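*Asks:* Pasting start_11.cif below, which is mmCIF, C-alpha atoms and all ligand atoms.
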```
data_query
loop_
_atom_site.label_atom_id
_atom_site.label_comp_id
_atom_site.auth_asym_id
_atom_site.auth_seq_id
_atom_site.Cartn_x
_atom_site.Cartn_y
_atom_site.Cartn_z
CA MET A 1 13.59 -18.51 11.01
CA PRO A 2 10.33 -19.12 12.95
CA VAL A 3 7.21 -17.52 11.46
CA VAL A 4 4.52 -16.20 13.81
CA LYS A 5 0.89 -16.74 12.90
CA ASP A 6 -2.08 -14.84 14.29
CA ASN A 7 -5.13 -16.55 15.79
CA PHE A 8 -6.68 -16.79 12.31
CA ASP A 9 -3.81 -18.95 11.02
CA ARG A 10 -2.36 -16.07 9.00
CA PRO A 11 1.45 -15.92 8.97
CA VAL A 12 3.17 -12.52 8.96
CA TYR A 13 5.91 -12.20 6.35
CA SER A 14 5.90 -8.50 5.57
CA MET A 15 6.04 -5.14 7.32
CA ARG A 16 4.80 -1.80 5.99
CA ILE A 17 6.85 0.97 7.60
CA GLN A 18 5.61 4.54 7.60
CA VAL A 19 8.88 6.50 7.86
CA ASN A 20 7.21 9.92 8.18
CA THR A 21 3.85 11.65 7.83
CA THR A 22 5.23 14.69 5.96
CA CYS A 23 4.05 14.97 2.36
CA ASN A 24 4.36 17.56 -0.41
CA PHE A 25 1.13 16.30 -2.06
CA LYS A 26 -2.36 16.73 -0.61
CA CYS A 27 -4.30 13.83 -2.19
CA PHE A 28 -7.87 14.44 -0.99
CA PHE A 29 -8.66 10.76 -0.48
CA CYS A 30 -5.46 9.85 1.37
CA HIS A 31 -5.92 7.36 4.22
CA MET A 32 -2.59 8.48 5.73
CA GLU A 33 -1.78 4.80 6.35
CA GLY A 34 -4.45 4.94 9.06
CA THR A 35 -2.50 7.32 11.35
CA GLY A 36 -2.50 10.98 12.33
CA VAL A 37 0.10 13.61 11.38
CA HIS A 38 3.28 13.88 13.47
CA SER A 39 6.44 15.94 13.42
CA GLU A 40 8.94 13.56 15.05
CA PHE A 41 9.74 10.16 13.64
CA MET A 42 11.74 7.05 14.46
CA SER A 43 15.47 7.33 13.78
CA PRO A 44 17.20 5.05 11.24
CA GLU A 45 18.77 3.10 14.14
CA GLU A 46 15.35 2.57 15.76
CA ILE A 47 13.75 1.46 12.49
CA GLU A 48 16.65 -0.96 12.03
CA LYS A 49 16.10 -2.44 15.50
CA VAL A 50 12.38 -3.02 14.88
CA VAL A 51 13.14 -4.64 11.51
CA GLU A 52 15.81 -6.83 13.12
CA THR A 53 13.23 -7.95 15.71
CA ALA A 54 10.49 -8.56 13.15
CA HIS A 55 12.94 -10.54 11.02
CA ARG A 56 13.65 -12.86 13.98
CA TRP A 57 9.95 -13.85 13.75
CA GLY A 58 9.55 -14.34 10.02
CA VAL A 59 9.31 -10.88 8.44
CA ASN A 60 11.49 -10.82 5.35
CA LYS A 61 9.74 -8.31 3.13
CA ILE A 62 9.52 -4.55 3.73
CA LYS A 63 7.46 -1.76 2.17
CA LEU A 64 8.46 1.83 3.01
CA THR A 65 5.74 4.44 2.92
CA GLY A 66 4.82 7.80 4.44
CA GLY A 67 3.87 10.66 4.21
CA GLU A 68 6.34 10.87 1.40
CA PRO A 69 9.33 8.68 2.30
CA THR A 70 11.75 10.39 -0.11
CA LEU A 71 11.38 13.63 1.86
CA ARG A 72 13.41 12.09 4.67
CA ARG A 73 17.00 13.20 4.21
CA ASP A 74 18.20 9.97 5.83
CA ILE A 75 16.09 7.64 3.63
CA VAL A 76 19.22 6.12 2.04
CA ASP A 77 20.62 5.34 5.50
CA ILE A 78 17.29 3.78 6.54
CA ILE A 79 17.33 1.46 3.51
CA ARG A 80 20.98 0.53 4.02
CA ARG A 81 20.26 -0.45 7.62
CA ILE A 82 17.15 -2.50 6.78
CA ARG A 83 19.01 -4.29 3.98
CA LYS A 84 21.42 -5.79 6.55
CA HIS A 85 18.57 -7.84 8.04
CA VAL A 86 16.20 -8.58 5.17
CA THR A 87 17.00 -10.86 2.25
CA GLY A 88 13.53 -10.50 0.70
CA ASN A 89 12.05 -7.64 -1.24
CA ILE A 90 12.42 -4.05 0.00
CA SER A 91 10.13 -1.67 -1.86
CA MET A 92 8.88 1.87 -1.45
CA THR A 93 5.63 3.66 -2.21
CA THR A 94 6.37 7.19 -3.36
CA ASN A 95 4.79 10.07 -5.27
CA GLY A 96 7.90 9.85 -7.49
CA ILE A 97 8.77 13.49 -7.31
CA MET A 98 12.31 13.00 -5.96
CA LEU A 99 13.20 9.92 -7.97
CA SER A 100 15.04 11.61 -10.80
CA ARG A 101 17.44 12.91 -8.14
CA ILE A 102 17.83 9.94 -5.79
CA ALA A 103 16.74 6.72 -7.56
CA MET A 104 20.34 5.53 -8.06
CA ASP A 105 21.23 6.15 -4.39
CA LEU A 106 18.12 4.27 -3.25
CA LYS A 107 19.04 1.32 -5.46
CA GLU A 108 22.66 1.26 -4.28
CA ALA A 109 21.48 1.30 -0.65
CA GLY A 110 19.46 -1.87 -1.29
CA LEU A 111 15.99 -0.82 -2.42
CA ASP A 112 14.62 -3.41 -4.87
CA ARG A 113 11.71 -1.58 -6.45
CA VAL A 114 9.13 1.21 -6.22
CA ASN A 115 5.40 1.83 -6.44
CA ILE A 116 4.83 5.30 -7.86
CA SER A 117 1.48 7.00 -7.33
CA LEU A 118 -0.06 8.50 -10.46
CA HIS A 119 -3.80 8.91 -10.23
CA SER A 120 -4.36 10.89 -13.42
CA MET A 121 -2.79 11.49 -16.83
CA ASP A 122 -4.69 14.74 -17.15
CA ARG A 123 -2.81 17.80 -15.86
CA ASP A 124 -5.87 19.52 -14.33
CA LYS A 125 -7.21 16.39 -12.69
CA PHE A 126 -3.76 15.49 -11.38
CA GLU A 127 -3.61 18.91 -9.75
CA PHE A 128 -7.20 18.60 -8.48
CA ILE A 129 -6.31 15.28 -6.82
CA THR A 130 -2.84 16.10 -5.45
CA GLY A 131 -2.92 19.89 -5.11
CA VAL A 132 0.31 20.07 -7.13
CA ASP A 133 1.15 20.60 -10.82
CA ALA A 134 3.82 17.90 -11.06
CA ILE A 135 2.73 15.29 -13.60
CA ASP A 136 5.88 15.67 -15.76
CA THR A 137 8.15 15.25 -12.75
CA VAL A 138 6.33 12.05 -11.79
CA ILE A 139 6.73 10.62 -15.32
CA GLU A 140 10.44 11.53 -15.17
CA GLY A 141 10.50 9.71 -11.82
CA ILE A 142 9.06 6.56 -13.44
CA ARG A 143 11.83 6.67 -16.05
CA ALA A 144 14.52 7.34 -13.44
CA ALA A 145 13.30 4.34 -11.44
CA HIS A 146 13.71 2.15 -14.54
CA THR A 147 17.17 3.52 -15.28
CA ALA A 148 18.23 2.81 -11.70
CA GLY A 149 16.89 -0.77 -11.94
CA LEU A 150 14.14 -0.29 -9.34
CA SER A 151 11.98 -2.76 -11.20
CA PRO A 152 9.40 -3.99 -11.73
CA VAL A 153 8.13 -0.41 -11.41
CA LYS A 154 4.48 -0.36 -10.35
CA VAL A 155 2.16 2.62 -10.73
CA ASN A 156 -0.57 3.04 -8.11
CA PHE A 157 -3.80 4.38 -9.57
CA VAL A 158 -6.66 4.81 -7.09
CA VAL A 159 -9.83 4.54 -9.18
CA LEU A 160 -12.21 7.46 -8.47
CA LYS A 161 -15.75 7.46 -9.82
CA GLY A 162 -16.44 10.39 -12.16
CA LEU A 163 -12.86 11.60 -11.92
CA ASN A 164 -10.34 9.21 -13.46
CA VAL A 165 -12.15 5.96 -14.46
CA ASP A 166 -12.19 7.08 -18.10
CA GLN A 167 -8.38 7.28 -18.04
CA ILE A 168 -7.82 3.56 -17.42
CA PRO A 169 -7.38 2.72 -21.17
CA GLY A 170 -4.86 5.59 -21.50
CA MET A 171 -3.04 4.42 -18.37
CA MET A 172 -2.82 0.92 -19.87
CA GLU A 173 -1.25 2.35 -23.02
CA LEU A 174 1.20 4.30 -20.87
CA ALA A 175 1.94 1.14 -18.86
CA ALA A 176 2.73 -0.82 -22.03
CA ARG A 177 4.86 2.04 -23.43
CA GLU A 178 6.75 2.91 -20.23
CA ASN A 179 6.94 -0.71 -19.10
CA PHE A 180 5.34 -0.42 -15.66
CA VAL A 181 2.76 -2.61 -13.91
CA LEU A 182 -0.50 -0.69 -13.54
CA GLN A 183 -2.04 -1.26 -10.13
CA LEU A 184 -5.73 -0.33 -10.09
CA ILE A 185 -6.64 0.31 -6.46
CA GLU A 186 -10.14 0.52 -5.06
CA PHE A 187 -10.74 3.65 -2.97
CA GLU A 188 -10.95 2.26 0.56
CA THR A 189 -12.11 3.49 3.91
CA THR A 190 -13.28 2.33 7.33
CA ARG A 191 -16.82 1.26 8.29
CA GLU A 192 -17.26 4.60 10.07
CA LEU A 193 -16.51 6.65 6.94
CA GLU A 194 -18.27 4.47 4.38
CA ASN A 195 -21.26 6.81 4.39
CA SER A 196 -19.24 10.03 4.15
CA GLU A 197 -20.10 12.30 1.25
CA GLU A 198 -16.62 11.96 -0.23
CA PHE A 199 -16.60 8.19 -0.17
CA ARG A 200 -20.08 7.89 -1.65
CA LYS A 201 -19.15 10.36 -4.37
CA TYR A 202 -15.86 8.78 -5.49
CA HIS A 203 -15.91 5.13 -4.44
CA MET A 204 -16.34 2.66 -7.25
CA PRO A 205 -16.27 -1.15 -6.97
CA LEU A 206 -13.77 -2.58 -9.46
CA ASP A 207 -15.54 -5.87 -10.21
CA ASP A 208 -16.94 -4.86 -13.62
CA ILE A 209 -13.63 -3.35 -14.74
CA GLU A 210 -11.85 -6.50 -13.61
CA ARG A 211 -14.28 -8.76 -15.48
CA GLY A 212 -13.61 -6.77 -18.68
CA MET A 213 -9.87 -7.03 -18.06
CA ALA A 214 -10.10 -10.79 -17.51
CA ASP A 215 -11.93 -11.18 -20.85
CA ARG A 216 -9.18 -9.29 -22.68
CA SER A 217 -6.24 -10.90 -20.89
CA VAL A 218 -3.97 -13.64 -22.18
CA ARG A 219 -2.66 -14.63 -18.72
CA ILE A 220 -3.70 -14.26 -15.07
CA GLU A 221 -1.40 -14.60 -12.03
CA PHE A 222 -2.04 -14.25 -8.29
CA ASN A 223 0.49 -12.78 -5.88
CA ASP A 224 1.08 -14.03 -2.34
CA LEU A 225 0.00 -10.83 -0.50
CA HIS A 226 -3.81 -10.64 -0.32
CA HIS A 227 -4.04 -13.08 -3.26
CA ARG A 228 -4.22 -10.16 -5.71
CA PRO A 229 -4.79 -10.98 -9.40
CA LYS A 230 -2.59 -9.61 -12.21
CA TYR A 231 -3.72 -9.63 -15.86
CA LEU A 232 -1.55 -9.52 -18.97
CA VAL A 233 -3.53 -7.58 -21.58
CA PRO A 234 -2.56 -6.87 -25.23
CA VAL A 235 -2.40 -3.12 -25.95
CA ASP A 236 -1.19 -1.56 -29.22
CA GLY A 237 0.97 -4.56 -30.20
CA LYS A 238 2.51 -4.67 -26.69
CA PHE A 239 1.28 -5.93 -23.33
CA ALA A 240 0.08 -4.08 -20.24
CA GLU A 241 0.30 -5.79 -16.87
CA VAL A 242 -2.65 -4.77 -14.71
CA GLU A 243 -3.08 -5.65 -11.05
CA PHE A 244 -6.24 -5.18 -9.00
CA VAL A 245 -6.30 -4.27 -5.32
CA LYS A 246 -9.87 -4.62 -4.04
CA PRO A 247 -9.89 -4.35 -0.25
CA MET A 248 -13.41 -3.03 0.49
CA ARG A 249 -15.67 -5.56 2.22
CA ASN A 250 -13.41 -8.26 0.81
CA ALA A 251 -13.02 -11.18 3.21
CA GLU A 252 -10.61 -12.99 0.89
CA PHE A 253 -8.35 -9.92 0.82
CA CYS A 254 -8.18 -9.88 4.62
CA SER A 255 -7.86 -13.65 5.02
CA ASN A 256 -4.74 -13.53 2.82
CA CYS A 257 -3.16 -10.57 4.61
CA THR A 258 0.40 -11.39 5.73
CA ARG A 259 1.38 -7.86 6.79
CA ILE A 260 2.00 -5.93 9.97
CA ARG A 261 2.55 -2.16 10.11
CA LEU A 262 4.93 0.16 11.93
CA THR A 263 3.85 3.78 12.35
CA SER A 264 6.25 6.70 11.97
CA THR A 265 6.28 7.15 15.76
CA GLY A 266 7.16 3.51 16.47
CA MET A 267 3.84 1.81 17.16
CA LEU A 268 3.10 -1.65 15.83
CA LYS A 269 -0.24 -1.47 14.01
CA PRO A 270 -1.94 -4.76 13.07
CA CYS A 271 -4.34 -3.33 10.47
CA LEU A 272 -4.64 -0.22 8.26
CA MET A 273 -8.29 0.11 9.21
CA ARG A 274 -7.88 0.06 13.00
CA SER A 275 -6.20 2.50 15.36
CA ASP A 276 -7.36 0.97 18.63
CA ASN A 277 -4.87 -1.86 18.99
CA TYR A 278 -1.38 -0.35 18.65
CA ARG A 279 1.52 -1.80 20.64
CA ASN A 280 4.21 0.60 21.73
CA MET A 281 7.59 -0.57 20.44
CA ILE A 282 9.48 2.70 20.67
CA SER A 283 9.38 3.31 24.45
CA PRO A 284 10.81 -0.09 25.42
CA LEU A 285 13.39 0.30 22.67
CA ARG A 286 14.43 3.75 23.93
CA ASN A 287 14.46 2.45 27.51
CA GLY A 288 16.98 -0.20 26.48
CA GLU A 289 14.66 -3.15 27.18
CA SER A 290 15.95 -6.65 26.36
CA GLN A 291 15.57 -8.40 23.01
CA ASP A 292 13.21 -10.85 24.76
CA LYS A 293 10.92 -7.95 25.68
CA LEU A 294 10.96 -6.57 22.09
CA ASP A 295 10.27 -10.07 20.76
CA SER A 296 7.27 -10.49 23.05
CA ILE A 297 5.81 -7.11 22.01
CA PHE A 298 6.18 -8.05 18.34
CA ILE A 299 4.58 -11.49 18.85
CA SER A 300 1.71 -9.95 20.87
CA SER A 301 1.03 -7.49 18.06
CA VAL A 302 0.88 -10.33 15.53
CA LYS A 303 -1.56 -12.14 17.81
CA ASP A 304 -3.71 -8.96 17.92
CA ARG A 305 -4.33 -9.22 14.16
CA GLU A 306 -7.91 -9.88 13.09
CA PRO A 307 -9.39 -9.82 9.59
CA TYR A 308 -11.19 -6.44 9.30
CA TRP A 309 -13.67 -7.58 6.65
CA LYS A 310 -15.33 -10.91 7.24
CA LYS A 311 -17.70 -13.10 5.26
CA GLU A 312 -20.75 -11.53 6.94
CA ASP A 313 -19.64 -8.05 5.73
CA GLU A 314 -19.73 -9.31 2.15
CA ASP A 315 -23.16 -10.83 2.65
CA GLU A 316 -24.48 -7.60 4.12
CA ILE A 317 -23.64 -5.74 0.90
CA LYS A 318 -25.13 -8.50 -1.27
CA ASN A 319 -28.31 -8.40 0.86
CA GLN A 320 -28.52 -4.63 0.42
CA ILE A 321 -28.23 -4.99 -3.34
CA PHE A 322 -30.87 -7.73 -3.23
CA ARG A 323 -33.22 -5.54 -1.18
CA ILE A 324 -32.79 -2.62 -3.58
CA SER A 325 -33.40 -4.80 -6.65
CA LYS A 326 -36.62 -6.18 -5.09
CA ARG A 327 -38.14 -2.66 -4.71
N1 LIG B 401 3.36 9.55 -0.57
C1 LIG B 401 3.48 8.23 -1.03
C2 LIG B 401 2.63 8.02 -2.28
O1 LIG B 401 2.03 8.98 -2.75
O2 LIG B 401 2.62 6.92 -2.79
C3 LIG B 401 3.24 7.13 0.00
C4 LIG B 401 2.06 7.28 0.92
S1 LIG B 401 0.50 6.93 0.19
C5 LIG B 401 -0.55 6.94 1.62
C6 LIG B 401 0.60 5.20 -0.21
C7 LIG B 401 -0.41 4.70 -1.20
O3 LIG B 401 -1.69 4.63 -0.61
C8 LIG B 401 -0.55 5.56 -2.44
O4 LIG B 401 -0.44 4.80 -3.61
C9 LIG B 401 -1.94 6.08 -2.31
O5 LIG B 401 -2.51 6.41 -3.49
C10 LIG B 401 -2.65 4.96 -1.58
N2 LIG B 401 -3.87 5.45 -0.92
C11 LIG B 401 -3.98 6.51 -0.13
N3 LIG B 401 -5.24 6.67 0.31
C12 LIG B 401 -5.98 5.68 -0.24
C13 LIG B 401 -7.36 5.30 -0.16
N4 LIG B 401 -8.23 5.98 0.57
N5 LIG B 401 -7.74 4.20 -0.83
C14 LIG B 401 -6.85 3.48 -1.56
N6 LIG B 401 -5.54 3.79 -1.66
C15 LIG B 401 -5.10 4.88 -1.02
#
```
Any chance you could put this one into structure tokens?

*Replies:*
Amino acid sequence: MPVVKDNFDRPVYSMRIQVNTTCNFKCFFCHMEGTGVHSEFMSPEEIEKVVETAHRWGVNKIKLTGGEPTLRRDIVDIIRRIRKHVTGNISMTTNGIMLSRIAMDLKEAGLDRVNISLHSMDRDKFEFITGVDAIDTVIEGIRAAHTAGLSPVKVNFVVLKGLNVDQIPGMMELAARENFVLQLIEFETTRELENSEEFRKYHMPLDDIERGMADRSVRIEFNDLHHRPKYLVPVDGKFAEVEFVKPMRNAEFCSNCTRIRLTSTGMLKPCLMRSDNYRNMISPLRNGESQDKLDSIFISSVKDREPYWKKEDEDEIKNQIFRISKR
């Protein structure tokens, strides 16, 4: 299987597919996978065709996202179709609310594992963040995912200054008890929105938290996507596995990105942070264009990829800190 690289020598092995934009949560910080809201989405057959094409050029790992992917009634069919082409990992990011009902069906269709979003252990804060009182259902979803064998189960926790940072120790205890990997995610946004009131209020760099975690850990591993670190930390006679996702102004994160995206309406999207370089996959597909044409669109989209954050972005922040400390 040939692997296509972009012009920055980054191979593309994985695809993040947004299967819808419909969601039953209203998380106030949601980046919506960098797209707008739509009401019509690619069919299972169309998603399968794009995956088949991407697989011809090295993609062998799929992440399903949304909206909320489990709200699609045909989600099991989508997974079954993708599974025919991909031997690598197929995972899904979900709010977990449907898992106690459908986890087994997802597993049988070929889903390997799930990331479940849980941004607070506190009922009121959970509701403040998501707009829904559903914390118990999400915890049930975590357990259902385990029972179905959708493991390792990962829990996505977007760290929000003044809102949920104090819950990290409790989340680590929960992770050790419920046997999930805790993924601490930095609140991220684009250059244009970095100065928005919301971002300034809730964004928190994770470096200090990570340093503390490293001191307490007995083992550190790095995964292949974005070179993310994972720490094994003793908690209450057990261990919590804690991963860090630190995308903001992080050139290393971008230089290790091996992912391309597919929007719910069938556009190839090279980067979460950019909406100005989509390539239309769905129209040629619906017009019955040849496999050669689909291949060339996919390859062109890979070649469009550029690291969003570069070394000079990191330096800019360091210079700002330096300027402030000199005052
Ligand atoms: N509805 C599903 C869910 O709740 O997981 C899938 C869609 S959601 C956009 C996918 C993941 O992106 C979630 O874990 C979510 O918390 C994370 N996310 C959304 N907005 C974010 C932001 N601004 N910064 C960091 N992570 C974010």

*Asks:* Do a neighbour search on range 237-251 of chain A at 10 Å with all atoms listed in the file, toss out local chain neighbours closer than 6 positions, and write the hits as a PDB file with C-alpha atoms, keeping the file's coordinate frame.

*Replies:*
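Once written, selection.pdb looks like this:
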```pdb
ATOM      1  CA  LYS A 154       4.480  -0.360 -10.350  1.00  0.00           C
ATOM      2  CA  VAL A 155       2.160   2.620 -10.730  1.00  0.00           C
ATOM      3  CA  ASN A 156      -0.570   3.040  -8.110  1.00  0.00           C
ATOM      4  CA  PHE A 157      -3.800   4.380  -9.570  1.00  0.00           C
ATOM      5  CA  VAL A 158      -6.660   4.810  -7.090  1.00  0.00           C
ATOM      6  CA  MET A 171      -3.040   4.420 -18.370  1.00  0.00           C
ATOM      7  CA  MET A 172      -2.820   0.920 -19.870  1.00  0.00           C
ATOM      8  CA  GLU A 173      -1.250   2.350 -23.020  1.00  0.00           C
ATOM      9  CA  LEU A 174       1.200   4.300 -20.870  1.00  0.00           C
ATOM     10  CA  ALA A 175       1.940   1.140 -18.860  1.00  0.00           C
ATOM     11  CA  ALA A 176       2.730  -0.820 -22.030  1.00  0.00           C
ATOM     12  CA  ARG A 177       4.860   2.040 -23.430  1.00  0.00           C
ATOM     13  CA  GLU A 178       6.750   2.910 -20.230  1.00  0.00           C
ATOM     14  CA  ASN A 179       6.940  -0.710 -19.100  1.00  0.00           C
ATOM     15  CA  PHE A 180       5.340  -0.420 -15.660  1.00  0.00           C
ATOM     16  CA  VAL A 181       2.760  -2.610 -13.910  1.00  0.00           C
ATOM     17  CA  LEU A 182      -0.500  -0.690 -13.540  1.00  0.00           C
ATOM     18  CA  GLN A 183      -2.040  -1.260 -10.130  1.00  0.00           C
ATOM     19  CA  LEU A 184      -5.730  -0.330 -10.090  1.00  0.00           C
ATOM     20  CA  ILE A 185      -6.640   0.310  -6.460  1.00  0.00           C
ATOM     21  CA  GLU A 186     -10.140   0.520  -5.060  1.00  0.00           C
ATOM     22  CA  PHE A 187     -10.740   3.650  -2.970  1.00  0.00           C
ATOM     23  CA  GLU A 188     -10.950   2.260   0.560  1.00  0.00           C
ATOM     24  CA  THR A 189     -12.110   3.490   3.910  1.00  0.00           C
ATOM     25  CA  THR A 190     -13.280   2.330   7.330  1.00  0.00           C
ATOM     26  CA  ARG A 191     -16.820   1.260   8.290  1.00  0.00           C
ATOM     27  CA  GLU A 194     -18.270   4.470   4.380  1.00  0.00           C
ATOM     28  CA  HIS A 203     -15.910   5.130  -4.440  1.00  0.00           C
ATOM     29  CA  PRO A 205     -16.270  -1.150  -6.970  1.00  0.00           C
ATOM     30  CA  LEU A 206     -13.770  -2.580  -9.460  1.00  0.00           C
ATOM     31  CA  ASP A 207     -15.540  -5.870 -10.210  1.00  0.00           C
ATOM     32  CA  ILE A 209     -13.630  -3.350 -14.740  1.00  0.00           C
ATOM     33  CA  GLU A 210     -11.850  -6.500 -13.610  1.00  0.00           C
ATOM     34  CA  MET A 213      -9.870  -7.030 -18.060  1.00  0.00           C
ATOM     35  CA  ALA A 214     -10.100 -10.790 -17.510  1.00  0.00           C
ATOM     36  CA  SER A 217      -6.240 -10.900 -20.890  1.00  0.00           C
ATOM     37  CA  VAL A 218      -3.970 -13.640 -22.180  1.00  0.00           C
ATOM     38  CA  ARG A 219      -2.660 -14.630 -18.720  1.00  0.00           C
ATOM     39  CA  ILE A 220      -3.700 -14.260 -15.070  1.00  0.00           C
ATOM     40  CA  GLU A 221      -1.400 -14.600 -12.030  1.00  0.00           C
ATOM     41  CA  PHE A 222      -2.040 -14.250  -8.290  1.00  0.00           C
ATOM     42  CA  ASN A 223       0.490 -12.780  -5.880  1.00  0.00           C
ATOM     43  CA  HIS A 226      -3.810 -10.640  -0.320  1.00  0.00           C
ATOM     44  CA  HIS A 227      -4.040 -13.080  -3.260  1.00  0.00           C
ATOM     45  CA  ARG A 228      -4.220 -10.160  -5.710  1.00  0.00           C
ATOM     46  CA  PRO A 229      -4.790 -10.980  -9.400  1.00  0.00           C
ATOM     47  CA  LYS A 230      -2.590  -9.610 -12.210  1.00  0.00           C
ATOM     48  CA  TYR A 231      -3.720  -9.630 -15.860  1.00  0.00           C
ATOM     49  CA  CYS A 257      -3.160 -10.570   4.610  1.00  0.00           C
ATOM     50  CA  PRO A 307      -9.390  -9.820   9.590  1.00  0.00           C
ATOM     51  CA  TYR A 308     -11.190  -6.440   9.300  1.00  0.00           C
ATOM     52  CA  TRP A 309     -13.670  -7.580   6.650  1.00  0.00           C
ATOM     53  CA  LYS A 310     -15.330 -10.910   7.240  1.00  0.00           C
ATOM     54  CA  LYS A 311     -17.700 -13.100   5.260  1.00  0.00           C
ATOM     55  CA  GLU A 312     -20.750 -11.530   6.940  1.00  0.00           C
ATOM     56  CA  ASP A 313     -19.640  -8.050   5.730  1.00  0.00           C
ATOM     57  CA  GLU A 314     -19.730  -9.310   2.150  1.00  0.00           C
ATOM     58  CA  ASP A 315     -23.160 -10.830   2.650  1.00  0.00           C
ATOM     59  CA  GLU A 316     -24.480  -7.600   4.120  1.00  0.00           C
ATOM     60  CA  ILE A 317     -23.640  -5.740   0.900  1.00  0.00           C
TER      61      ILE A 317
END
```

*Asks:* Go ahead and compute the interatomic distance for CA of Arg305 in chain A and CA of Arg259 in chain A, in Å to one decimal.

*Replies:* 9.4 Å

*Asks:* Please list as a PyMOL selection string every residue within 9 Å of Ala145 in chain A, counting only C-alpha atoms and excluding residues in the same chain fewer than 3 positions away.

*Replies:* chain A and resi 96+99-100+103-104+107+113-114+140-142+148-151+153

*Asks:* Could you tell me how far CA of Ser14 in chain A lies from CA of Ser301 in chain A, in Å and to one decimal?

*Replies:*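 Separation of CA of Ser14 in chain A and CA of Ser301 in chain A: 13.4 Å.
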
*Asks:* For CA of Gly212 in chain A and CA of Ser255 in chain A, determine how far apart the two atoms are, in Å to one decimal place.

*Replies:* 25.3 Å

*Asks:* Give the answer as one residue: which of A:Cys30, A:Leu285, A:Ile129, A:Met92 has the shortest atom-to-atom distance to Val76 in chain A, using only C-alpha atoms?

*Replies:*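 Answer, going by the shortest atom-to-atom distance: A:Met92.
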
*Asks:* Between A:Val50, A:Ala109, A:Met98, A:Leu64, which has the minimum distance to Lys293 in chain A (counting only C-alpha atoms)?

*Replies:* A:Val50

*Asks:* How big is the axis-aligned box, and where does its centre sit, when it encloses all atoms of ligand LIG 401 (chain B) listed in the file and has 6 Å added on every side, reported in Å to one decimal as JSON?

*Replies:*
```
{"center_x": -2.4, "center_y": 6.5, "center_z": -1.0, "size_x": 23.7, "size_y": 18.1, "size_z": 17.2}
```

*Asks:* Could you build a table of the residues in range 240-280 of chain A lying no more than 12 Å from range 21-25 of chain A, giving for each the nearest pair of atoms and their separation in Å rounded to one decimal place, using all atoms listed in the file, ordered by chain and ascending residue number, as a Markdown table?

*Replies:*
```
| residue | atom | partner | partner_atom | distance |
| --- | --- | --- | --- | --- |
| A:Thr263 | CA | A:Thr21 | CA | 9.1 |
| A:Ser264 | CA | A:Thr21 | CA | 6.9 |
| A:Thr265 | CA | A:Thr21 | CA | 9.4 |
```

*Asks:* Which one is closest to ligand LIG 401 (chain B): A:Phe253, A:Phe128, A:Trp57, A:Tyr202? Count all atoms listed in the file.

*Replies:* A:Tyr202

*Asks:* For Gly266 in chain A, which residue among A:Asn280, A:Asn164, A:Arg123, A:Glu197 is the nearest when counting only C-alpha atoms?

*Replies:*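 Result for the nearest residue to Gly266 in chain A: A:Asn280.
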
*Asks:* Measuring between all atoms listed in the file, which one of A:Asn277, A:Thr70, A:Ser117, A:Thr258 shows the shortest distance to ligand LIG 401 (chain B)?

*Replies:* A:Ser117

*Asks:* So, counting all atoms listed in the file, which residue among A:Asp304, A:Ile97, A:Phe28, A:Ile297 is closest to Val138 in chain A?

*Replies:*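 Between A:Asp304, A:Ile97, A:Phe28, A:Ile297, the residue approaching Val138 in chain A most closely is A:Ile97.
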
*Asks:* Any idea what's packed within 9 Å of Arg83 in chain A, counting all atoms listed in the file, ignoring anything in its chain fewer than 6 positions away? Could you give it as a ChimeraX atom specification?

*Replies:* /A:90,109-111
